[in-house]
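Novice: Below you'll find the structure I mean.
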Amino acid sequence: MPRRGRAGASARSDIAPFHVMRVIDAVVARRAAGLPVIDLSAGQPSTQAPSTVRKAAHEALDRDKIGYTNSLGIPPLRAAIAAHYERTYGVAVDPAAVAVTTGSSGGFLYAFLAAFEAGDTVVMARPGYPAYRNMLAALGVRVMELPCGAPTRFQPTLAQLEALPEPPAGLVVASPANPTGTMIAPDELAALAAWCERHGTRLVSDEIYHGITFGERADTAWRSSRSPLVVNSFSKYFCMTGWRIGWLLVPEELRDAVDRLAGNFAICPPALSQLAAVAAFDGYEELDANVARYAANRELMLQALPAIGLDRLAPADGAFYIYADVSRWTDDSLAWGRRVLDECGVAVAPGVDFDPVDGGSFIRMCFAGDGADIARALELFGAWLARQREV
């Protein structure tokens with residue numbers, strides 16, 4: 001018999017919080033109270049959107065009514081995204097394969113709804129971005145996390161997939177990854193895509209940190225296969241986090257499903273953001289200068305952190321994070337991070353967000369900010385660590 005008049009939240013909403021959002025709230029409260037704080041917790045660029053984007057937004061506000069658009073995005077933006085793949089990877093993409101979304105979060109929602117049924121099993125790496133796990137769980141999908149530590153460079157391997165009792169419905173990979181910044185080599189990504197095709201597993205490739213790498217460039221999963229769902233965003237490399245604009249590359253057999261989902265869930269992505277984002281592809285020079293600054297900040301952290309006792313670090317091939325082992329001091333990174341913020345004014349992200357099993361012994365630090373601020377944060381953090389008792 002159906003329940004009526006039920007009070008309270010649904011069972012599907014009983015998912016873990018994204019703890020870093022609460023850290024950000026604490027940072028805001030600390031600043032409002034006039035207390036000093038240096039924020040290494042928030043995973044976003046510290047710069048404005050490119051000047052080309054800001055100019056295009058001003059012009060659009062003057063000339064356009066900013067009404068609804070096509071559910072999958074305006075044609076000029078879909079064409080510009082397709083051209084970006086030709087320019088960046090030498091990979092031809094049909095604009096019809098591009099679905100513009102409300103950030104990568106909207107893209108993941110459409111991808112998961114289009115590709116997976118409730119009860120399906122989807123595999124992902126641990127540590128990994130928590131929204132994959134939590135969104136899939138809310139949709140009734142069973143999440144299987146593969147423990148991926150330093151021996152596999154924090155990435156899933158073909159051997160781990162082969163060892164599964166049966167092929168899963170889906171595999172989510174991220175390269176560069178959040179929180180570790182590690183990458184999957186192009187030949188390994190192609191091998192994972194081929195395994196997924198052979199076994200009827202839908203690959204979902206998170207490519208939102210492409211453009212921010214410090215050595216070998218990241219490759220797209222669509223180079224070797226058109227079966228994966230590719231998720232990307234204007235938030236990271238393009239410095240447009242709050243504009244909430246992203247995109248999917250959608251295999252042909254899922255395009256109609258994504259279109260119907262998008263029309264019902266959001267009607268369309270933010271129109272002003274779409275109009276402005278077309279001009280993002282005129283800002284490569286400005287954006288690459290940001291990446292050069294991230295690279296300098298990365299070197300600063302990789303040199304300074306071992307000197308203050310944090311010497312077990314993920315390689316940080318890309319993105320703008322350092323994932324650090326703090327097991328010498330704690331196995332409760334959430335409570336420990338609160339102490340770091342309260343006692344030395346430095347905000348870090350707790351590893352439990354990214355790894356519900358071992359994350360109590362890790363923290364994530366973002367190096368997308370101002371270099372002088374990062375240097376000061378490391379000085380404060382180092383002095384604080386020197387006073388702490390090891391466990």
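Order determines the names: the first chain of the structure tokens is A, the second B, and so forth; residues in each chain are numbered 1 upward, and ligands are numbered 1 upward as they are shown.
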Where does stretch 77-174 of chain A meet stretch 262-281 of chain A within 7 Å, residue by residue, with the nearest atom pair and distance in Å to one decimal for each, counting only C-alpha atoms, listed by chain and rising number, as JSON lines?

Specialist:
{"residue": "A:Leu77", "atom": "CA", "partner": "A:Val278", "partner_atom": "CA", "distance": 5.1}
{"residue": "A:Ala80", "atom": "CA", "partner": "A:Val278", "partner_atom": "CA", "distance": 6.4}
{"residue": "A:Val100", "atom": "CA", "partner": "A:Pro269", "partner_atom": "CA", "distance": 6.8}
{"residue": "A:Thr101", "atom": "CA", "partner": "A:Pro269", "partner_atom": "CA", "distance": 5.4}
{"residue": "A:Thr102", "atom": "CA", "partner": "A:Pro269", "partner_atom": "CA", "distance": 5.0}

Novice: Identify, on the basis of only C-alpha atoms, every residue whose closest approach to A:Val37 does not exceed 8 Å; exclude the query and any residue fewer than 2 positions from it along the same chain; express the result as an NGL selection string.

Specialist: :A and (27 or 30-31 or 35 or 39 or 341 or 345-347)

Novice: Counting only C-alpha atoms, which residues of stretch 192-290 of chain A sit at most 12 Å from some atom of stretch 298-302 of chain A, and what is each one's closest atom pair with its distance in Å to one decimal, listed by chain and rising residue number, as a Markdown table?

Specialist:
| residue | atom | partner | partner_atom | distance |
| --- | --- | --- | --- | --- |
| A:Ile212 | CA | A:Arg298 | CA | 11.5 |
| A:Thr213 | CA | A:Arg298 | CA | 10.8 |
| A:Phe214 | CA | A:Arg298 | CA | 9.1 |

Novice: Contacts of A:Arg198 at 12 Å or less, counting only C-alpha atoms, minus same-chain residues fewer than 3 places along, as a list of chain:residue names?

Specialist: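 Near neighbours after the sequence-gap exclusion: A:Glu162, A:Pro167, A:Pro168, A:Ala191, A:Leu192, A:Ala193, A:Ala194, A:Trp195, A:Thr201, A:Arg202, A:Leu203, A:Ser225, A:Ser227.
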
Novice: Among stretch 276-330 of chain A, which ones does DSSP assign to helix (DSSP H, G or I) (computed from the backbone)? Answer as an MDAnalysis selection string.

Specialist: chainID A and resid 276:282 284:307

Novice: Using DSSP on the backbone coordinates, identify the residues of stretch 152-195 of chain A assigned to strand (DSSP E or B); present them as JSON, numbers by chain.

Specialist: {"A": [170, 171, 172, 173, 174]}

Novice: May I ask which of the residues A:Thr180, A:Thr152, A:Gln388, A:Ser10 is the closest one to A:Phe362, counting only C-alpha atoms?

Specialist: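 Looking at the shortest contact to A:Phe362, the residue is A:Thr180.
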
Novice: Mind checking which residues fall within 9 Å of stretch 243-256 of chain A, counting only C-alpha atoms, ignoring those fewer than 3 positions away in the same chain, and posting them as a ChimeraX atom specification?

Specialist: /A:72,78,81,93,96-108,110-111,114-115,208,222,226-235,240,259-261,269-270,272-274,277

Novice: Have a look at A:Ala324, A:Ala257, A:Ala137, A:Ala9 and name the one nearest to A:Leu113; count only C-alpha atoms.

Specialist: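 Going through A:Ala324, A:Ala257, A:Ala137, A:Ala9 one by one, the smallest distance to A:Leu113 is for A:Ala257.
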
Novice: So how far away is atom CA of A:Leu136 from atom CA of A:Ser13, in Å?

Specialist: 11.1 Å

Novice: Suppose you want the space between atom CA of A:Tyr209 and atom CA of A:Asp358; what is it in Å?

Specialist: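 According to the coordinates, atom CA of A:Tyr209 and atom CA of A:Asp358 are separated by 24.1 Å.
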
Novice: If you measure from atom CA of A:Gly73 to atom CA of A:Pro95, what distance in Å do you get, rounded to one decimal?

Specialist: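 So the answer is 10.4 Å.
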
Novice: Using only C-alpha atoms, which of A:Glu207, A:Asp325, A:Asp311, A:Glu145 sits nearest A:Ser175?

Specialist: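 Among the listed residues, A:Glu207 lies closest to A:Ser175.
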
Novice: Point out the residue among A:Val352, A:Ile66, A:Val357, A:Ala150 with the least atom-to-atom distance to A:Ser333, counting only C-alpha atoms.

Specialist: A:Val352

Novice: Need to verify the contact set: stretch 377-379 of chain A, 8 Å, only C-alpha atoms, exclusion of same-chain residues closer than 2 positions in sequence. Can you return it as a PyMOL selection string?

Specialist: chain A and resi 38+301+304-305+346+373-375+381-383

Novice: When you count only C-alpha atoms, which of these residues is closest to A:Ala125: A:Val172, A:Ala92, A:Ala42, A:Ala159?

Specialist: A:Val172

Novice: Just the residues within 12 Å of A:Pro147, please, counting only C-alpha atoms, with nothing from its chain fewer than 2 positions along; format it as a compact mmCIF listing (two decimals) with C-alpha atoms, in the first residue's frame.

Specialist:
# COMPACT_ATOMS: atom_id res chain seq x y z
CA VAL A 123 32.93 0.98 -11.34
CA MET A 124 35.10 3.96 -10.38
CA ALA A 125 38.46 4.57 -8.76
CA ARG A 126 38.91 5.24 -5.07
CA PRO A 127 39.99 7.98 -4.37
CA GLY A 128 37.78 9.84 -6.83
CA MET A 144 31.86 -0.46 -6.97
CA GLU A 145 35.02 1.42 -6.01
CA GLY A 149 46.79 3.85 -4.58
CA ALA A 150 50.32 4.86 -5.37
CA PRO A 151 51.25 1.52 -7.05
CA THR A 152 48.72 2.20 -9.85
CA ARG A 153 49.25 5.97 -9.71
CA PHE A 154 45.76 6.28 -8.23
CA GLN A 155 44.14 5.15 -11.49
CA PRO A 156 42.19 1.97 -12.36
CA THR A 157 43.97 -0.64 -14.44
CA GLN A 160 41.60 -4.69 -12.03
CA LEU A 161 38.81 -4.82 -14.60
CA PHE A 354 37.26 11.42 -2.14
CA ASP A 355 37.89 8.13 -0.35
CA PRO A 356 35.37 6.91 2.25
CA VAL A 357 37.70 4.06 3.28
CA ASP A 358 41.23 5.49 3.52
CA GLY A 359 40.55 9.20 3.06
